[in-house]
Each structure stands twice: as structure tokens, then as C-alpha cells.
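Only one structure is covered here, and it is reproduced in the block below.
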Amino acid sequence: MSAQASASWRSGAATEGPEYDTDPELALAAVLQLLSRFPARRSPALAQAIASHFRVIGGDPRLSACVRECAARLVGDWEAYAALGDAGDCGHDPRALH
């Protein structure tokens with residue numbers, strides 16, 4: 001991600017992201033980056049950002065139907081991950097997968 005895109009990202013929400021309106025592939029690149037960070041952080045905020053990006057991707061008619069449909073299906077999963085994280089860790093190691 002370029003410094004300009006990174007600065008734009010930090011200053012706006014996923015739906016107001018770095019030029020997603022002119023370059024929808026940036027949303028795909030951003031969600032891939034976020035997904036790669038999730039195992040290390042397991043943060044509810046990160047899970048919600050991923051869900052938001054999938055929502056943007058799922059609603060962008062410039063992307064192929066199969067990409068939109070896949071993204072739209074994943075929104076609920078990532079919102080659930082965010083909600084689980086918000087509910088607390090119940091004494092579990094946040095690095096544990098199960």
C-alpha cells in the first residue's frame with residue numbers, strides 16, 4: 001500500500017477508503033492485508049474492518065459476480081468473529097485457535 005493510500009486509509013472508514021470508488025481492486029488488496037494480520041491480532045476491531053471491506057466488495061457492481069457473492073457471504077462470518085471477540089476471551093489464550 002502506498003504512503004498516500006495508507007494515509008487515506010487511516011483517515012477514513014472502509015466505505016470511504018482509499019479511492020475504492022475509482023479503483024475497486026484496492027478494497028480487495030486491503031481485505032487481503034487485513035486477513036493476513038488477523039491470526040496475529042485476533043482483534044474484534046480488525047474483524048469488523050474485514051467485515052466492512054467484504055460489505056464494500058460485495059456491493060460493488062464493477063467486480064465480478066462470483067467475487068461479490070463470496071464477499072457478501074463472508075460479511076456475516078466476520079461480524080460474528082467481531083462479536084465473539086467483544087464478548088471476551090473467557091480465560092482463553094488469544095493466540096489459541098480452538
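Ligands are numbered from 1 in the order shown, chains are lettered A, B, ... in the order of the C-alpha cells, and residues start at 1 in each chain.
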### Message
Neighbouring residues of range 41-52 of chain A were defined as those with any atom within 7 Å, considering only C-alpha atoms; residues of the same chain fewer than 3 positions away were excluded. Please report them as an MDAnalysis selection string.
### Response
chainID A and resid 14 31 34 37:38 55:56 75 78:79 81:83 85:86 94
Write out, as a PDB file, in the first residue's frame, the residues just selected, with N, CA and C atoms.
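The resulting part30.pdb:
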```
ATOM      1  N   ALA A  14     -13.867   2.154   6.097  1.00  0.00           N
ATOM      2  CA  ALA A  14     -13.719   1.227   4.977  1.00  0.00           C
ATOM      3  C   ALA A  14     -14.544   1.669   3.777  1.00  0.00           C
ATOM      4  N   VAL A  31      -8.445  -5.939   2.000  1.00  0.00           N
ATOM      5  CA  VAL A  31      -9.000  -7.026   2.807  1.00  0.00           C
ATOM      6  C   VAL A  31      -8.024  -8.196   2.884  1.00  0.00           C
ATOM      7  N   LEU A  34      -5.652  -7.182   5.605  1.00  0.00           N
ATOM      8  CA  LEU A  34      -6.295  -7.320   6.916  1.00  0.00           C
ATOM      9  C   LEU A  34      -6.412  -8.787   7.327  1.00  0.00           C
ATOM     10  N   ARG A  37      -3.320 -10.256   8.778  1.00  0.00           N
ATOM     11  CA  ARG A  37      -2.983  -9.771  10.121  1.00  0.00           C
ATOM     12  C   ARG A  37      -3.868 -10.380  11.216  1.00  0.00           C
ATOM     13  N   PHE A  38      -5.024 -10.890  10.843  1.00  0.00           N
ATOM     14  CA  PHE A  38      -5.973 -11.338  11.856  1.00  0.00           C
ATOM     15  C   PHE A  38      -5.437 -12.449  12.762  1.00  0.00           C
ATOM     16  N   ARG A  55     -18.254  -6.094   2.875  1.00  0.00           N
ATOM     17  CA  ARG A  55     -19.516  -5.435   2.519  1.00  0.00           C
ATOM     18  C   ARG A  55     -19.312  -4.513   1.315  1.00  0.00           C
ATOM     19  N   VAL A  56     -18.225  -3.740   1.327  1.00  0.00           N
ATOM     20  CA  VAL A  56     -17.915  -2.844   0.203  1.00  0.00           C
ATOM     21  C   VAL A  56     -17.716  -3.661  -1.070  1.00  0.00           C
ATOM     22  N   VAL A  75     -19.467 -11.570   4.998  1.00  0.00           N
ATOM     23  CA  VAL A  75     -19.750 -10.451   5.913  1.00  0.00           C
ATOM     24  C   VAL A  75     -20.251 -10.974   7.257  1.00  0.00           C
ATOM     25  N   TRP A  78     -17.576 -12.681   9.493  1.00  0.00           N
ATOM     26  CA  TRP A  78     -16.625 -11.770  10.138  1.00  0.00           C
ATOM     27  C   TRP A  78     -17.290 -10.884  11.173  1.00  0.00           C
ATOM     28  N   GLU A  79     -18.563 -10.553  10.988  1.00  0.00           N
ATOM     29  CA  GLU A  79     -19.286  -9.829  12.036  1.00  0.00           C
ATOM     30  C   GLU A  79     -19.427 -10.709  13.279  1.00  0.00           C
ATOM     31  N   TYR A  81     -17.270 -13.073  14.176  1.00  0.00           N
ATOM     32  CA  TYR A  81     -15.946 -13.090  14.813  1.00  0.00           C
ATOM     33  C   TYR A  81     -15.743 -11.831  15.650  1.00  0.00           C
ATOM     34  N   ALA A  82     -16.191 -10.708  15.138  1.00  0.00           N
ATOM     35  CA  ALA A  82     -16.057  -9.453  15.885  1.00  0.00           C
ATOM     36  C   ALA A  82     -16.883  -9.509  17.165  1.00  0.00           C
ATOM     37  N   ALA A  83     -18.103 -10.032  17.074  1.00  0.00           N
ATOM     38  CA  ALA A  83     -18.970 -10.128  18.249  1.00  0.00           C
ATOM     39  C   ALA A  83     -18.401 -11.101  19.277  1.00  0.00           C
ATOM     40  N   GLY A  85     -15.279 -11.742  19.788  1.00  0.00           N
ATOM     41  CA  GLY A  85     -14.157 -11.056  20.424  1.00  0.00           C
ATOM     42  C   GLY A  85     -14.625 -10.028  21.424  1.00  0.00           C
ATOM     43  N   ASP A  86     -15.730  -9.348  21.115  1.00  0.00           N
ATOM     44  CA  ASP A  86     -16.278  -8.348  22.031  1.00  0.00           C
ATOM     45  C   ASP A  86     -16.842  -8.988  23.296  1.00  0.00           C
ATOM     46  N   PRO A  94      -5.519 -15.837  23.697  1.00  0.00           N
ATOM     47  CA  PRO A  94      -5.932 -15.219  22.435  1.00  0.00           C
ATOM     48  C   PRO A  94      -5.151 -15.742  21.239  1.00  0.00           C
TER      49      PRO A  94
END
```
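Among the candidates A:Leu28, A:Ala40, A:Asp21, A:Leu35, the residue lying nearest to Gly58 in chain A is A:Leu28 (atoms considered: only C-alpha atoms).
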### Task
Provide the CA of Ser36 in chain A to CA of Cys66 in chain A distance in Å, to one decimal place.
21.6 Å
### Query
To one decimal place, how far is CA of Arg68 in chain A from CA of Phe54 in chain A in Å?
8.4 Å
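The residue that comes closest to Thr22 in chain A, out of A:Arg62, A:Leu84, A:Val67, A:Arg73 and on the basis of only C-alpha atoms, is A:Arg62.
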